[in-house]
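Colleague: You'll find data-v8.tsv just under this line, and it carries TSV, C-alpha atoms and all ligand atoms.
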```tsv
chain	number	residue	atom	x	y	z
B	11	MET	CA	16.79	-37.69	-84.31
B	12	ILE	CA	16.81	-35.29	-81.36
B	13	ASP	CA	13.33	-35.64	-79.97
B	14	LEU	CA	12.14	-32.63	-77.99
B	15	ARG	CA	8.44	-33.24	-78.54
B	16	SER	CA	7.79	-34.48	-75.02
B	17	ASP	CA	9.34	-36.11	-71.96
B	18	THR	CA	7.09	-39.10	-72.70
B	19	VAL	CA	9.27	-40.31	-75.61
B	20	THR	CA	12.00	-41.95	-73.53
B	21	LYS	CA	12.68	-45.68	-73.56
B	22	PRO	CA	13.75	-47.68	-70.50
B	23	SER	CA	17.49	-47.67	-69.79
B	24	PRO	CA	19.33	-51.04	-69.66
B	25	GLU	CA	19.41	-50.75	-65.83
B	26	MET	CA	15.67	-50.13	-65.68
B	27	LEU	CA	15.02	-53.05	-68.04
B	28	GLU	CA	17.13	-55.34	-65.88
B	29	TYR	CA	15.20	-54.26	-62.76
B	30	MET	CA	11.93	-54.89	-64.62
B	31	MET	CA	12.97	-58.37	-65.71
B	32	LYS	CA	13.74	-59.33	-62.13
B	33	ALA	CA	10.34	-58.19	-60.82
B	34	GLU	CA	8.28	-60.61	-58.79
B	35	VAL	CA	4.75	-60.58	-60.10
B	36	GLY	CA	1.28	-61.90	-59.28
B	37	ASP	CA	-2.32	-61.21	-60.17
B	38	ASP	CA	-2.90	-57.65	-59.04
B	39	VAL	CA	-6.65	-57.84	-59.51
B	40	TYR	CA	-6.43	-60.26	-56.57
B	41	GLY	CA	-4.02	-57.80	-54.88
B	42	GLU	CA	-1.19	-60.32	-55.26
B	43	ASP	CA	1.48	-58.48	-57.21
B	44	PRO	CA	4.33	-57.65	-54.80
B	45	SER	CA	6.00	-55.26	-57.25
B	46	ILE	CA	2.83	-53.22	-57.67
B	47	SER	CA	2.29	-53.17	-53.90
B	48	ALA	CA	5.89	-52.00	-53.40
B	49	LEU	CA	5.47	-49.18	-55.92
B	50	GLN	CA	2.18	-48.08	-54.36
B	51	GLU	CA	3.67	-48.02	-50.86
B	52	HIS	CA	6.73	-46.12	-52.01
B	53	ALA	CA	4.70	-43.51	-53.91
B	54	ALA	CA	2.28	-42.98	-51.02
B	55	LYS	CA	5.14	-42.55	-48.56
B	56	LEU	CA	6.92	-40.09	-50.85
B	57	PHE	CA	3.93	-37.74	-50.61
B	58	GLY	CA	3.20	-38.51	-46.93
B	59	LYS	CA	-0.06	-40.28	-47.80
B	60	GLU	CA	-1.65	-43.56	-46.71
B	61	ALA	CA	-2.20	-45.36	-50.00
B	62	ALA	CA	-1.76	-45.35	-53.76
B	63	LEU	CA	-3.10	-47.10	-56.83
B	64	PHE	CA	-1.12	-48.04	-59.94
B	65	CYS	CA	-2.92	-47.10	-63.15
B	66	PRO	CA	-2.08	-47.36	-66.85
B	67	SER	CA	-2.01	-43.59	-67.41
B	68	GLY	CA	-2.11	-40.13	-65.90
B	69	THR	CA	-5.39	-39.53	-67.65
B	70	MET	CA	-6.95	-42.50	-65.88
B	71	CYS	CA	-5.65	-41.29	-62.49
B	72	ASN	CA	-7.11	-37.83	-63.05
B	73	GLN	CA	-10.42	-39.19	-64.29
B	74	ILE	CA	-10.73	-41.54	-61.33
B	75	ALA	CA	-9.96	-38.68	-58.94
B	76	ILE	CA	-12.62	-36.45	-60.49
B	77	ARG	CA	-15.08	-39.29	-60.30
B	78	ILE	CA	-14.51	-40.04	-56.62
B	79	HIS	CA	-14.59	-36.37	-55.53
B	80	THR	CA	-17.77	-35.38	-57.37
B	81	ARG	CA	-21.36	-36.36	-58.08
B	82	PRO	CA	-23.18	-35.83	-61.39
B	83	GLN	CA	-24.27	-32.16	-61.76
B	84	ASP	CA	-21.29	-30.93	-59.70
B	85	GLU	CA	-18.69	-28.46	-60.92
B	86	VAL	CA	-14.89	-28.64	-60.97
B	87	ILE	CA	-12.75	-25.50	-60.71
B	88	CYS	CA	-9.48	-25.48	-62.67
B	89	ASP	CA	-7.31	-23.29	-64.88
B	90	LYS	CA	-8.39	-22.94	-68.51
B	91	ARG	CA	-5.11	-24.57	-69.60
B	92	ALA	CA	-5.57	-27.65	-67.39
B	93	HIS	CA	-4.82	-31.04	-68.91
B	94	ILE	CA	-7.99	-32.45	-67.33
B	95	TYR	CA	-10.00	-29.94	-69.38
B	96	LEU	CA	-8.01	-29.61	-72.60
B	97	TYR	CA	-6.51	-33.00	-73.24
B	98	GLU	CA	-8.56	-35.75	-71.65
B	99	GLY	CA	-11.10	-36.13	-74.42
B	100	GLY	CA	-13.94	-34.51	-72.50
B	101	GLY	CA	-13.60	-37.26	-69.90
B	102	MET	CA	-14.79	-35.11	-67.01
B	103	MET	CA	-18.17	-34.76	-68.65
B	104	ALA	CA	-18.39	-38.33	-69.93
B	105	ASN	CA	-17.03	-40.14	-66.86
B	106	SER	CA	-18.31	-37.94	-64.07
B	107	MET	CA	-21.08	-35.85	-65.64
B	108	VAL	CA	-19.71	-32.65	-64.17
B	109	SER	CA	-19.34	-29.14	-65.51
B	110	VAL	CA	-16.20	-27.10	-65.24
B	111	LYS	CA	-15.42	-23.52	-64.18
B	112	LEU	CA	-12.35	-22.36	-66.06
B	113	LEU	CA	-10.14	-19.71	-64.47
B	114	ASP	CA	-7.48	-17.68	-66.22
B	115	GLY	CA	-4.44	-18.20	-64.04
B	116	ASP	CA	-0.86	-17.07	-64.42
B	117	HIS	CA	0.77	-19.66	-66.69
B	118	GLY	CA	-1.69	-22.27	-65.50
B	119	ARG	CA	-1.55	-21.31	-61.81
B	120	ILE	CA	-4.76	-20.12	-60.19
B	121	THR	CA	-5.04	-18.21	-56.91
B	122	ALA	CA	-7.13	-18.67	-53.77
B	123	GLU	CA	-8.92	-15.37	-54.55
B	124	GLN	CA	-9.88	-16.60	-58.01
B	125	VAL	CA	-11.16	-19.85	-56.54
B	126	LEU	CA	-13.13	-18.02	-53.86
B	127	ASP	CA	-14.78	-15.77	-56.47
B	128	ASN	CA	-15.87	-18.81	-58.46
B	129	ILE	CA	-17.43	-21.09	-55.88
B	130	ASN	CA	-21.11	-21.29	-56.72
B	131	PRO	CA	-23.74	-20.33	-54.14
B	132	ASP	CA	-25.76	-23.09	-52.52
B	133	ASP	CA	-28.69	-22.55	-54.86
B	134	PRO	CA	-30.29	-25.20	-57.10
B	135	HIS	CA	-29.83	-22.98	-60.17
B	136	PHE	CA	-26.09	-23.56	-60.00
B	137	PRO	CA	-23.99	-26.68	-60.29
B	138	ARG	CA	-22.57	-27.59	-56.89
B	139	THR	CA	-18.87	-26.72	-56.69
B	140	SER	CA	-17.19	-29.78	-55.22
B	141	LEU	CA	-13.62	-30.04	-56.49
B	142	ILE	CA	-10.62	-27.82	-57.19
B	143	ALA	CA	-7.96	-29.32	-59.44
B	144	LEU	CA	-4.46	-27.85	-59.71
B	145	GLU	CA	-1.69	-28.88	-62.11
B	146	ASN	CA	1.90	-28.70	-60.86
B	147	THR	CA	3.91	-28.25	-62.96
B	148	SER	CA	1.53	-26.80	-65.55
B	149	ASN	CA	2.17	-28.26	-68.99
B	150	LYS	CA	0.34	-25.61	-71.00
B	151	GLY	CA	1.75	-22.98	-68.64
B	152	GLY	CA	5.26	-23.86	-69.87
B	153	GLY	CA	6.23	-26.08	-66.92
B	154	SER	CA	5.42	-23.42	-64.30
B	155	ILE	CA	5.66	-24.29	-60.60
B	156	TYR	CA	3.13	-23.39	-57.90
B	157	PRO	CA	4.68	-21.67	-54.87
B	158	LEU	CA	3.82	-23.67	-51.75
B	159	ALA	CA	2.13	-20.64	-50.14
B	160	GLN	CA	-0.28	-20.43	-53.09
B	161	ILE	CA	-1.23	-24.09	-52.66
B	162	GLU	CA	-1.66	-23.53	-48.92
B	163	SER	CA	-4.09	-20.66	-49.41
B	164	ILE	CA	-6.12	-22.62	-51.97
B	165	LYS	CA	-6.27	-25.49	-49.47
B	166	ARG	CA	-7.64	-23.08	-46.81
B	167	VAL	CA	-10.40	-22.00	-49.20
B	168	ALA	CA	-11.11	-25.65	-50.04
B	169	ASP	CA	-11.43	-26.53	-46.35
B	170	GLU	CA	-13.61	-23.53	-45.53
B	171	HIS	CA	-16.04	-24.52	-48.30
B	172	GLY	CA	-15.87	-28.30	-47.95
B	173	LEU	CA	-14.26	-28.79	-51.38
B	174	ALA	CA	-11.87	-31.55	-52.36
B	175	LEU	CA	-8.45	-30.61	-53.76
B	176	HIS	CA	-6.81	-32.77	-56.43
B	177	LEU	CA	-3.35	-32.37	-57.91
B	178	ASP	CA	-2.64	-33.33	-61.48
B	179	GLY	CA	0.97	-34.03	-60.61
B	180	ALA	CA	1.94	-35.59	-63.91
B	181	ARG	CA	5.18	-33.65	-63.39
B	182	ALA	CA	4.96	-33.22	-59.60
B	183	MET	CA	8.56	-34.30	-59.12
B	184	ASN	CA	9.72	-31.60	-61.54
B	185	ALA	CA	7.92	-29.14	-59.28
B	186	VAL	CA	9.63	-30.57	-56.20
B	187	VAL	CA	13.10	-30.62	-57.73
B	188	GLY	CA	12.64	-27.13	-59.14
B	189	SER	CA	11.35	-25.59	-55.89
B	190	ASP	CA	12.21	-25.38	-52.20
B	191	TYR	CA	9.49	-27.77	-50.99
B	192	SER	CA	9.35	-31.53	-50.64
B	193	ALA	CA	6.80	-33.94	-52.10
B	194	GLU	CA	5.49	-34.48	-48.57
B	195	GLU	CA	5.13	-30.75	-47.86
B	196	MET	CA	3.13	-30.37	-51.06
B	197	GLY	CA	1.26	-33.65	-50.62
B	198	GLN	CA	-0.28	-32.75	-47.24
B	199	HIS	CA	-2.48	-30.12	-48.92
B	200	PHE	CA	-4.12	-32.42	-51.46
B	201	ASP	CA	-6.78	-35.08	-51.06
B	202	THR	CA	-5.46	-36.92	-54.09
B	203	ILE	CA	-2.41	-36.64	-56.32
B	204	SER	CA	-1.78	-38.24	-59.69
B	205	LEU	CA	1.88	-38.77	-60.48
B	206	CYS	CA	3.12	-39.90	-63.90
B	207	LEU	CA	6.02	-42.33	-63.98
B	208	SER	CA	6.34	-42.24	-67.76
B	209	LYS	CA	7.29	-38.59	-68.22
B	210	GLY	CA	10.52	-37.07	-66.89
B	211	LEU	CA	10.95	-40.02	-64.53
B	212	GLY	CA	11.59	-42.26	-67.53
B	213	ALA	CA	9.40	-45.34	-66.98
B	214	PRO	CA	7.74	-46.73	-70.11
B	215	VAL	CA	4.18	-46.86	-68.73
B	216	GLY	CA	2.16	-45.97	-65.70
B	217	SER	CA	0.96	-43.46	-63.16
B	218	VAL	CA	-0.08	-43.64	-59.54
B	219	LEU	CA	-3.05	-42.07	-57.82
B	220	ILE	CA	-2.13	-41.23	-54.25
B	221	GLY	CA	-4.41	-40.38	-51.32
B	222	THR	CA	-6.10	-41.62	-48.15
B	223	LYS	CA	-7.00	-45.30	-47.74
B	224	LYS	CA	-10.65	-44.33	-48.09
B	225	HIS	CA	-10.11	-42.49	-51.38
B	226	ILE	CA	-7.94	-45.25	-52.81
B	227	LYS	CA	-10.54	-47.87	-51.89
B	228	GLU	CA	-13.10	-45.90	-53.90
B	229	ALA	CA	-10.55	-45.36	-56.67
B	230	LEU	CA	-10.04	-49.12	-56.97
B	231	ARG	CA	-13.72	-49.55	-57.70
B	232	VAL	CA	-13.67	-46.85	-60.40
B	233	ARG	CA	-10.43	-48.19	-61.92
B	234	LYS	CA	-12.08	-51.60	-62.24
B	235	MET	CA	-15.06	-50.05	-63.99
B	236	MET	CA	-12.76	-48.20	-66.40
B	237	GLY	CA	-10.96	-51.43	-67.27
B	238	GLY	CA	-7.75	-50.37	-65.58
B	239	GLY	CA	-7.28	-53.43	-63.37
B	240	MET	CA	-4.12	-55.14	-64.61
B	241	ARG	CA	-2.82	-58.60	-63.81
B	242	GLN	CA	0.95	-59.32	-63.77
B	243	ALA	CA	1.75	-55.65	-64.33
B	244	GLY	CA	4.50	-55.78	-61.71
B	245	TYR	CA	7.04	-55.67	-64.55
B	246	LEU	CA	5.74	-52.19	-65.33
B	247	ALA	CA	5.43	-51.18	-61.69
B	248	ALA	CA	9.07	-52.20	-61.21
B	249	ALA	CA	10.05	-49.67	-63.87
B	250	GLY	CA	8.11	-47.04	-61.93
B	251	LEU	CA	9.78	-47.98	-58.66
B	252	TYR	CA	13.18	-47.88	-60.32
B	253	ALA	CA	12.32	-44.42	-61.66
B	254	LEU	CA	11.29	-43.13	-58.21
B	255	LYS	CA	14.45	-44.52	-56.65
B	256	ASN	CA	16.90	-43.36	-59.32
B	257	ASN	CA	15.53	-40.65	-61.57
B	258	ILE	CA	14.23	-37.87	-59.35
B	259	GLU	CA	17.40	-35.88	-58.63
B	260	ARG	CA	18.50	-36.09	-62.24
B	261	LEU	CA	15.44	-34.05	-63.28
B	262	LYS	CA	17.70	-31.12	-62.39
B	263	ASP	CA	19.75	-31.95	-65.51
B	264	ASP	CA	16.60	-31.63	-67.62
B	265	HIS	CA	15.83	-28.29	-66.00
B	266	ARG	CA	19.36	-27.02	-66.58
B	267	ARG	CA	19.17	-28.04	-70.26
B	268	ALA	CA	15.79	-26.36	-70.69
B	269	THR	CA	17.21	-23.18	-69.13
B	270	ASN	CA	20.14	-23.34	-71.55
B	271	LEU	CA	17.74	-23.72	-74.45
B	272	SER	CA	15.70	-20.75	-73.33
B	273	TYR	CA	18.81	-18.66	-72.76
B	274	GLY	CA	19.86	-19.41	-76.36
B	275	LEU	CA	16.39	-18.49	-77.62
B	276	THR	CA	16.51	-15.08	-75.93
B	277	LYS	CA	19.46	-14.20	-78.19
B	278	LEU	CA	17.57	-14.88	-81.43
B	279	ASP	CA	15.86	-11.88	-82.97
B	280	TRP	CA	13.13	-14.02	-84.58
B	281	VAL	CA	11.95	-15.38	-81.22
B	282	ASP	CA	9.11	-13.32	-79.87
B	283	GLU	CA	7.30	-14.66	-76.82
B	284	LEU	CA	9.24	-17.02	-74.63
B	285	MET	CA	7.47	-18.34	-71.54
B	286	PRO	CA	9.50	-18.22	-68.31
B	287	VAL	CA	11.34	-21.54	-67.95
B	288	GLN	CA	11.21	-23.08	-64.47
B	289	THR	CA	11.47	-26.78	-65.24
B	290	ASN	CA	11.89	-28.94	-68.36
B	291	ILE	CA	9.43	-27.25	-70.74
B	292	VAL	CA	10.31	-24.45	-73.15
B	293	VAL	CA	7.50	-22.70	-75.03
B	294	PHE	CA	7.99	-19.88	-77.49
B	295	HIS	CA	6.42	-18.07	-80.41
B	296	PRO	CA	8.35	-16.88	-83.47
B	297	ARG	CA	7.96	-13.30	-84.71
B	298	GLN	CA	5.52	-13.94	-87.53
B	299	ASP	CA	6.88	-11.03	-89.63
B	300	LEU	CA	10.27	-12.78	-89.71
B	301	VAL	CA	9.47	-16.50	-89.80
B	302	SER	CA	6.32	-18.58	-89.45
B	303	SER	CA	5.97	-21.25	-86.78
B	304	GLU	CA	5.34	-23.76	-89.54
B	305	ARG	CA	8.67	-22.86	-91.20
B	306	VAL	CA	10.52	-23.27	-87.88
B	307	PHE	CA	8.81	-26.59	-87.33
B	308	GLU	CA	9.65	-27.87	-90.85
B	309	TYR	CA	13.22	-26.54	-90.79
B	310	LEU	CA	13.96	-28.33	-87.53
B	311	LYS	CA	12.34	-31.49	-88.85
B	312	GLU	CA	14.61	-31.41	-91.92
B	313	LYS	CA	17.56	-31.15	-89.51
B	314	GLY	CA	16.39	-34.17	-87.52
B	315	ILE	CA	15.02	-32.18	-84.58
B	316	ALA	CA	11.44	-32.87	-83.51
B	317	VAL	CA	9.46	-30.26	-81.56
B	318	SER	CA	5.72	-29.90	-80.83
B	319	ARG	CA	3.15	-27.52	-82.22
B	320	PHE	CA	1.56	-26.10	-79.09
B	321	GLY	CA	-1.46	-24.20	-80.42
B	322	LYS	CA	-1.76	-20.68	-81.90
B	323	GLY	CA	1.72	-20.74	-83.41
B	324	TYR	CA	3.50	-21.69	-80.19
B	325	ILE	CA	6.27	-24.27	-80.26
B	326	ARG	CA	7.11	-26.54	-77.33
B	327	MET	CA	10.41	-28.23	-76.58
B	328	VAL	CA	10.71	-30.60	-73.62
B	329	THR	CA	13.96	-31.91	-72.18
B	330	HIS	CA	14.26	-35.44	-70.82
B	331	LEU	CA	16.66	-38.13	-69.76
B	332	GLN	CA	17.65	-39.23	-73.24
B	333	LEU	CA	19.11	-35.85	-74.22
B	334	THR	CA	22.66	-34.67	-73.66
B	335	ASP	CA	24.30	-31.25	-73.35
B	336	GLU	CA	25.71	-31.85	-76.82
B	337	ASP	CA	22.17	-32.34	-78.21
B	338	ILE	CA	21.13	-28.99	-76.71
B	339	ARG	CA	24.16	-27.25	-78.23
B	340	HIS	CA	23.29	-28.79	-81.58
B	341	VAL	CA	19.65	-27.66	-81.36
B	342	LEU	CA	20.77	-24.14	-80.46
B	343	SER	CA	23.15	-23.96	-83.40
B	344	GLU	CA	20.38	-25.08	-85.78
B	345	LEU	CA	17.97	-22.53	-84.29
B	346	ASP	CA	20.65	-19.91	-84.88
B	347	ASN	CA	20.72	-20.84	-88.58
B	348	ILE	CA	17.05	-20.09	-89.14
A	1	LIG	C1	-0.17	-32.29	-67.00
A	1	LIG	C2	-0.56	-33.63	-67.52
A	1	LIG	N1	-1.49	-34.34	-66.88
A	1	LIG	C3	-1.87	-35.56	-67.29
A	1	LIG	C4	-1.30	-36.13	-68.39
A	1	LIG	C5	-1.82	-37.48	-68.84
A	1	LIG	O1	-0.89	-38.48	-68.81
A	1	LIG	P1	-1.06	-39.78	-69.75
A	1	LIG	O2	-0.51	-39.41	-71.07
A	1	LIG	O3	-0.26	-40.81	-69.03
A	1	LIG	O4	-2.51	-40.11	-69.80
A	1	LIG	C6	-0.30	-35.45	-69.10
A	1	LIG	C7	0.29	-36.05	-70.31
A	1	LIG	O5	1.00	-35.45	-71.06
A	1	LIG	C8	0.08	-34.15	-68.66
A	1	LIG	O6	0.99	-33.42	-69.30
```
Please render this file's structure as structure tokens.
Modeller:
Amino acid sequence: MIDLRSDTVTKPSPEMLEYMMKAEVGDDVYGEDPSISALQEHAAKLFGKEAALFCPSGTMCNQIAIRIHTRPQDEVICDKRAHIYLYEGGGMMANSMVSVKLLDGDHGRITAEQVLDNINPDDPHFPRTSLIALENTSNKGGGSIYPLAQIESIKRVADEHGLALHLDGARAMNAVVGSDYSAEEMGQHFDTISLCLSKGLGAPVGSVLIGTKKHIKEALRVRKMMGGGMRQAGYLAAAGLYALKNNIERLKDDHRRATNLSYGLTKLDWVDELMPVQTNIVVFHPRQDLVSSERVFEYLKEKGIAVSRFGKGYIRMVTHLQLTDEDIRHVLSELDNI
């Protein structure tokens, strides 16, 4: 099967597995797992930050971040397509008791002006705005990348109004590889960053929450409460460290393959809306008068190609490290047969 459902479907390579098996481990709840400590240090340094915390998932990193930056009754500003709003099971409300102000950005990217217009006045009728959360790249926005200047101006607004700024950087390294800025240049603008190791980077499990020592100390307390303290998880952290050391530059291959896919789609008369492709995510909508999304989905499934339903008839295809150029050619030829 050619699996284009998500970049989360990859399995560890033999080299990654070997690195994992050699990991030195200890009880991390006592702070004694050298492999976890090494991963945390490496991830923090990559983004120019002081500290990091290894967590089981990106969702947990985001939820911890929201919790440490807000108090009950506060409000979080984010795009209406944000993962923290759409796909984290209502966690913001349940874990942090906050409300959310949803903005309609450009493919998931909001602007400083939009943020400014949506900060609530200091009046007890309104929830207190305390956090802005950006997603880079934006999953629901089709893998779109924030320009650095846009992040900088949002940071200025955040500073002027005393708001925290969090990055859902599940695919932050895709943004870095697909842009002209470094992780550190982006990182300096955020109070906290969550980075997934188990997406394009190819580790089987895990994410890191990155920030100041003070934020990470608080985050440790919340992670414990959420049941995310793990013991000899250094085997998993080793996979993450291997991924950060070996799998960043190769994200360019995923981006090139996604661009090839989208280029092929532009030539098909039954493809209607195709989101601009900047990284490893391709989202499109078939022309419903010619073929239904369900038919496309089923046809590809019959041909051994798995894609995702992405809401309202959209289809998502995501490239990742277990796909080859030949797979992409094959997918394109099957799409051509529809
Ligand atoms: C943008 C974004 N943020 C957060 C997550 C959550 O990651 P996890 O599945 O590890 O909880 C995902 C997962 O797909 C994602 O796409």
Colleague: Need to verify the contact set: Met235 of chain B, 12 Å, only C-alpha atoms, exclusion of same-chain residues closer than 5 positions in sequence. Can you return it as a list in words?
Modeller: Met70, Gln73, Ile74, Arg77, Asn105, Glu228, Ala229 and Leu230 of chain B
Colleague: Within 8 Å of ligand LIG 1 (chain A) (counting all atoms listed in the file), which residues show up? I'd like them as a PyMOL selection string.
Modeller: chain B and resi 16+18+66-70+72+92-94+97-98+145-150+178-181+206+208-209+215-217
Colleague: Using all atoms listed in the file, which of B:Glu42, B:Asp201, B:Glu85, B:Asp279 sits nearest Ala61 of chain B?
Modeller: B:Asp201
Colleague: Rounded to one decimal in Å, what is the spacing between atom CA of Pro214 of chain B and atom CA of Leu49 of chain B?
Modeller: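 Between atom CA of Pro214 of chain B and atom CA of Leu49 of chain B the gap works out to 14.6 Å.
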Colleague: From the list B:Asn290, B:Gln198, B:Thr276, B:Asn257, which residue is nearest Leu345 of chain B when using all atoms listed in the file?
Modeller: B:Thr276
Colleague: Any idea what's packed within 8 Å of Ser318 of chain B, counting only C-alpha atoms, ignoring anything in its chain fewer than 4 positions away? Could you give it as an mmCIF file with C-alpha atoms, in the coordinates of the input?
Modeller:
```
data_model
loop_
_atom_site.group_PDB
_atom_site.id
_atom_site.type_symbol
_atom_site.label_atom_id
_atom_site.label_comp_id
_atom_site.auth_asym_id
_atom_site.auth_seq_id
_atom_site.Cartn_x
_atom_site.Cartn_y
_atom_site.Cartn_z
ATOM 1 C CA LEU B 14 12.140 -32.630 -77.990
ATOM 2 C CA ARG B 15 8.440 -33.240 -78.540
ATOM 3 C CA SER B 16 7.790 -34.480 -75.020
ATOM 4 C CA PHE B 307 8.810 -26.590 -87.330
ATOM 5 C CA ILE B 325 6.270 -24.270 -80.260
ATOM 6 C CA ARG B 326 7.110 -26.540 -77.330
ATOM 7 C CA MET B 327 10.410 -28.230 -76.580
#
```
Colleague: Quick one: residues within 12 Å of Ala159 of chain B, all atoms listed in the file, excluding same-chain residues fewer than 4 positions away - as a CSV table (one decimal) with C-alpha atoms, keeping the file's coordinate frame?
Modeller:
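This is the output file part-v5.csv:
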```csv
chain,number,residue,atom,x,y,z
B,121,THR,CA,-5.0,-18.2,-56.9
B,122,ALA,CA,-7.1,-18.7,-53.8
B,155,ILE,CA,5.7,-24.3,-60.6
B,163,SER,CA,-4.1,-20.7,-49.4
B,164,ILE,CA,-6.1,-22.6,-52.0
B,165,LYS,CA,-6.3,-25.5,-49.5
B,166,ARG,CA,-7.6,-23.1,-46.8
B,189,SER,CA,11.4,-25.6,-55.9
B,190,ASP,CA,12.2,-25.4,-52.2
B,191,TYR,CA,9.5,-27.8,-51.0
B,195,GLU,CA,5.1,-30.8,-47.9
B,196,MET,CA,3.1,-30.4,-51.1
B,199,HIS,CA,-2.5,-30.1,-48.9
```
Colleague: Residues at most 9 Å from Pro137 of chain B, counting all atoms listed in the file, excluding those fewer than 4 positions away in the same chain, as a list of chain:residue names?
Modeller: B:Gln83, B:Asp84, B:Glu85, B:Val108, B:Ser109, B:Asn130, B:Pro131, B:Asp132, B:Asp133
Colleague: Go ahead and compute the interatomic distance for atom CA of Ser23 of chain B and atom CA of Val287 of chain B, in Å to one decimal.
Modeller: 26.9 Å
Colleague: Which value, in Å to one decimal, gives the distance between atom CA of Gly323 of chain B and atom CA of Thr269 of chain B?
Modeller: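 Answer for the atom CA of Gly323 of chain B to atom CA of Thr269 of chain B separation: 21.2 Å.
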Colleague: Near Gly115 of chain B, within 10 Å and counting all atoms listed in the file, which residues show up once chain neighbours fewer than 6 positions away are dropped, as a compact mmCIF listing (two decimals) with C-alpha atoms, in the frame of the given file?
Modeller:
```txt
# COMPACT_ATOMS: atom_id res chain seq x y z
CA CYS B 88 -9.48 -25.48 -62.67
CA ASP B 89 -7.31 -23.29 -64.88
CA LYS B 90 -8.39 -22.94 -68.51
CA ARG B 91 -5.11 -24.57 -69.60
CA THR B 121 -5.04 -18.21 -56.91
CA GLN B 124 -9.88 -16.60 -58.01
CA GLY B 151 1.75 -22.98 -68.64
```
Colleague: Closest to Leu331 of chain B among B:Gly36, B:Gly58, B:Gly153, B:Gly212, using all atoms listed in the file?
Modeller: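 That would be B:Gly212, the residue with the smallest distance to Leu331 of chain B.
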Colleague: Of the candidates B:Asp337, B:Phe64, B:Leu254, B:Leu56, which shows the shortest atom-to-atom distance to Arg267 of chain B, using all atoms listed in the file?
Modeller: B:Asp337
Colleague: So, counting all atoms listed in the file, which residue among B:Leu271, B:Ala213, B:Cys65, B:Ile220 is closest to Thr20 of chain B?
Modeller: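 Of all the options, B:Ala213 lies closest to Thr20 of chain B.
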Colleague: For a cut-off of 7 Å around (-2.4, -57.1, -62.3), file coordinates, pick out all residues using all atoms listed in the file and list them as a count of residues only.
Modeller: 10
Colleague: Using all atoms listed in the file, which of B:Ile142, B:Val19, B:Ile258, B:Val293 sits nearest Met183 of chain B?
Modeller: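 Residue with the minimum atom-to-atom distance to Met183 of chain B: B:Ile258.
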Colleague: At a cut-off of 10 Å around the point (0.3, -44.8, -54.6) (file coordinates), what residues fall inside when counting only C-alpha atoms? I'd like the answer as a PyMOL selection string.
Modeller: chain B and resi 46-57+59-65+202-205+217-222+226
